[in-house]
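Have a look at the structure below before the remarks.
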Amino acid sequence: MKKFAIQLLCSFSFLSLLLHILAAESHQTGEEKEFGYQLNSENGPSRWGELEPEWRTCSNGTKQSPINILKQSVKTVTHLGELDRDYRPSNATLKNKGHDMMLEWESGAGSIEINGKEYVLQQCHWHSPSEHTINGRRFAVEMHMVHKSEDGKVAVVGILFKIGNPESFLSSLRDHLKSVSGTGKAEKVVGVVDPNDIKMSRKYYRYMGSLTTPPCTENVTWTISTKVRTVSKEQVRMIRVAAHAESGSNARPIQATNGRLVQLYQPDEEDD
């Protein structure tokens with residue numbers, strides 16, 4: 001009986017160790033729980049913080065994004081200066097990740113400088129409809145250009161779009177977008193892509209927030225271009241094929257501002 005108990009204990013210990021190893025390997029390879037955008041679903045935005053221990057900030061964070069930017073509440077400033085961009089063409093791959101379309105540059109594509117810190121451009125992706133709103137208005141598309149510094153800090157430039165004429169940068173990716181469209185994850189090597197072809201205004205909103213997808217990491221420097229540009233309905237459809245089918249959207253709901261300061265950089269000259 002004693003021998004049987006020892007064997008049982010050893011078997012249990014081995015099983016526990018095996019499960020621990022498998023869990024660790026799953027996490028290291030990125031096989032974490034999938035998140036969705038359908039409200040009130042088991043993996044919807046209100047539940048993100050419960051899906052993984054590393055995602056708790058999605059639920060209990062105090063500086064979450066996106067937010068509604070109220071024009072009457074922003075502080076107009078001139079000291080921020082124009083966004084210091086030093087982009088360069090670089091090889092890129094277009095990826096349908098299942099919840100968004102992402103264009104990833106292999107080794108960075110130049111950088112921006114904010115408060116003396118350099119942030120290297122890693123990737124851009126699209127949300128439809130927009131995640132940030134202006135005076136409560138939501139737009140057709142929002143592009144996010146994600147930058148990272150050497151010490152792991154993140155700076156995101158957001159550009160809003162309404163329905164109208166086709167957007168030239170998306171037009172240049174049209175055939176590639178079609179090749180990775182569908183419900184499954186896919187990717188396509190695009191070749192050299194110049195981020196200087198992405199247009200943004202000189203005026204912008206600036207605030208401190210978070211990533212808008214898990215793990216919802218905070219202390220992200222957000223720069224939202226004030227000029228709303230245009231995309232065609234066809235371009236919106238090409239972007240949305242990667243969004244979760246049940247929701248038809250990949251936009252996180254608006255988060256509480258919690259007294260955060262939103263600044264508006266206003267140059268002396270008229271904006272382009």
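Please note that chains go A, B, ... in the order of the structure tokens, that every chain numbers its residues from 1, and that ligands are numbered from 1 in the order shown.
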Could you give me the residues within region 11-213 of chain A that DSSP places in helix (DSSP H, G or I), as number ranges by chain?
-> A: 11-28, 45-51, 53-55, 57-60, 71-73, 168-172, 174-179, 195-197
Where does region 25-137 of chain A meet region 252-255 of chain A within 8 Å, residue by residue, with the nearest atom pair and distance in Å to one decimal for each, counting only C-alpha atoms, listed by chain and rising number, as JSON lines?
{"residue": "A:Tyr37", "atom": "CA", "partner": "A:Arg252", "partner_atom": "CA", "distance": 6.8}
{"residue": "A:Pro45", "atom": "CA", "partner": "A:Arg252", "partner_atom": "CA", "distance": 6.5}
{"residue": "A:Gln64", "atom": "CA", "partner": "A:Gln255", "partner_atom": "CA", "distance": 5.9}
{"residue": "A:Ser65", "atom": "CA", "partner": "A:Gln255", "partner_atom": "CA", "distance": 5.8}
{"residue": "A:Pro66", "atom": "CA", "partner": "A:Ile254", "partner_atom": "CA", "distance": 5.4}
{"residue": "A:Ile67", "atom": "CA", "partner": "A:Ile254", "partner_atom": "CA", "distance": 5.0}
{"residue": "A:Asn68", "atom": "CA", "partner": "A:Ile254", "partner_atom": "CA", "distance": 6.4}
{"residue": "A:Glu131", "atom": "CA", "partner": "A:Arg252", "partner_atom": "CA", "distance": 6.0}
{"residue": "A:His132", "atom": "CA", "partner": "A:Ile254", "partner_atom": "CA", "distance": 7.1}
{"residue": "A:Thr133", "atom": "CA", "partner": "A:Ile254", "partner_atom": "CA", "distance": 8.0}
Wanna dump the region 129-183 of chain A-region 80-102 of chain A contacts at 9 Å for me, each residue with its shortest atom pair and the distance in Å to one decimal, counting only C-alpha atoms, ordered by chain and number, as JSON lines?
{"residue": "A:Leu173", "atom": "CA", "partner": "A:Leu94", "partner_atom": "CA", "distance": 8.8}
{"residue": "A:His176", "atom": "CA", "partner": "A:Leu94", "partner_atom": "CA", "distance": 7.3}
{"residue": "A:Leu177", "atom": "CA", "partner": "A:Leu94", "partner_atom": "CA", "distance": 7.5}
{"residue": "A:Val180", "atom": "CA", "partner": "A:Asn96", "partner_atom": "CA", "distance": 6.1}
{"residue": "A:Ser181", "atom": "CA", "partner": "A:Asn96", "partner_atom": "CA", "distance": 7.1}
{"residue": "A:Gly182", "atom": "CA", "partner": "A:Asn96", "partner_atom": "CA", "distance": 8.3}
{"residue": "A:Thr183", "atom": "CA", "partner": "A:Gly98", "partner_atom": "CA", "distance": 6.8}
Restricted to all heavy atoms, what would the selected residues look like written as a compact mmCIF listing (two decimals), in the first residue's frame?
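Result went into again_14.txt, see below:
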# COMPACT_ATOMS: atom_id res chain seq x y z
N LEU A 173 -0.83 49.36 -51.31
CA LEU A 173 -0.82 48.01 -50.73
C LEU A 173 -2.02 47.18 -51.18
O LEU A 173 -2.22 46.06 -50.68
CB LEU A 173 -0.84 48.11 -49.20
CG LEU A 173 0.34 48.81 -48.52
CD1 LEU A 173 0.06 48.97 -47.03
CD2 LEU A 173 1.64 48.04 -48.74
N HIS A 176 -1.55 43.48 -52.23
CA HIS A 176 -1.04 42.71 -51.10
C HIS A 176 -2.14 42.46 -50.07
O HIS A 176 -2.23 41.37 -49.49
CB HIS A 176 0.15 43.43 -50.46
CG HIS A 176 1.30 43.66 -51.38
ND1 HIS A 176 2.03 42.63 -51.93
CD2 HIS A 176 1.84 44.82 -51.88
CE1 HIS A 176 2.98 43.12 -52.71
NE2 HIS A 176 2.88 44.45 -52.69
N LEU A 177 -2.96 43.48 -49.82
CA LEU A 177 -4.07 43.32 -48.89
C LEU A 177 -5.04 42.24 -49.37
O LEU A 177 -5.52 41.43 -48.58
CB LEU A 177 -4.81 44.65 -48.71
CG LEU A 177 -4.14 45.68 -47.82
CD1 LEU A 177 -4.77 47.07 -48.02
CD2 LEU A 177 -4.23 45.27 -46.35
N VAL A 180 -3.88 38.58 -48.66
CA VAL A 180 -3.93 38.04 -47.29
C VAL A 180 -5.33 38.18 -46.69
O VAL A 180 -5.51 37.99 -45.49
CB VAL A 180 -2.89 38.72 -46.36
CG1 VAL A 180 -1.49 38.41 -46.83
CG2 VAL A 180 -3.13 40.22 -46.28
N SER A 181 -6.31 38.52 -47.51
CA SER A 181 -7.68 38.67 -47.01
C SER A 181 -8.27 37.30 -46.73
O SER A 181 -7.86 36.29 -47.29
CB SER A 181 -8.55 39.43 -48.01
OG SER A 181 -8.70 38.68 -49.20
N GLY A 182 -9.24 37.27 -45.84
CA GLY A 182 -9.89 36.02 -45.48
C GLY A 182 -10.00 35.89 -43.98
O GLY A 182 -9.57 36.76 -43.22
N THR A 183 -10.57 34.77 -43.54
CA THR A 183 -10.82 34.57 -42.12
C THR A 183 -9.62 33.99 -41.38
O THR A 183 -9.54 34.06 -40.16
CB THR A 183 -12.01 33.63 -41.91
OG1 THR A 183 -11.76 32.39 -42.61
CG2 THR A 183 -13.29 34.26 -42.47
Any idea what the distance is between CA of Thr217 (chain A) and CA of Thr57 (chain A)?
->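 Distance reported for this atom pair: 6.8 Å.
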Atom pair CA of Glu106 (chain A) / CA of Ser171 (chain A): separation (Å) |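 According to the coordinates, CA of Glu106 (chain A) and CA of Ser171 (chain A) are separated by 21.2 Å.
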8 Å contact set for region 143-159 of chain A, only C-alpha atoms, chain neighbours under 6 positions out, as number ranges by chain = A: 111-112, 117-127, 200, 219-229
Identify, on the basis of only C-alpha atoms, every residue whose closest approach to Lys75 (chain A) does not exceed 7 Å; exclude the query and any residue fewer than 6 positions from it along the same chain; express the result as a list of chain:residue names.
->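 Non-adjacent residues within range: A:Val262, A:Gln263, A:Leu264.
For Phe169 (chain A), the residues within 10 Å (counting only C-alpha atoms, excluding itself and residues fewer than 4 positions away along the chain) are Leu173, Arg174, Val193, Asp194, Pro195, Asn196, Asp197, Ile198, Lys199 and Val231 of chain A.
Residues lying within 6 Å of Lys162 (chain A), counting only C-alpha atoms and ignoring same-chain neighbours fewer than 6 positions away, are Phe139, Ala140 and Thr230 of chain A.
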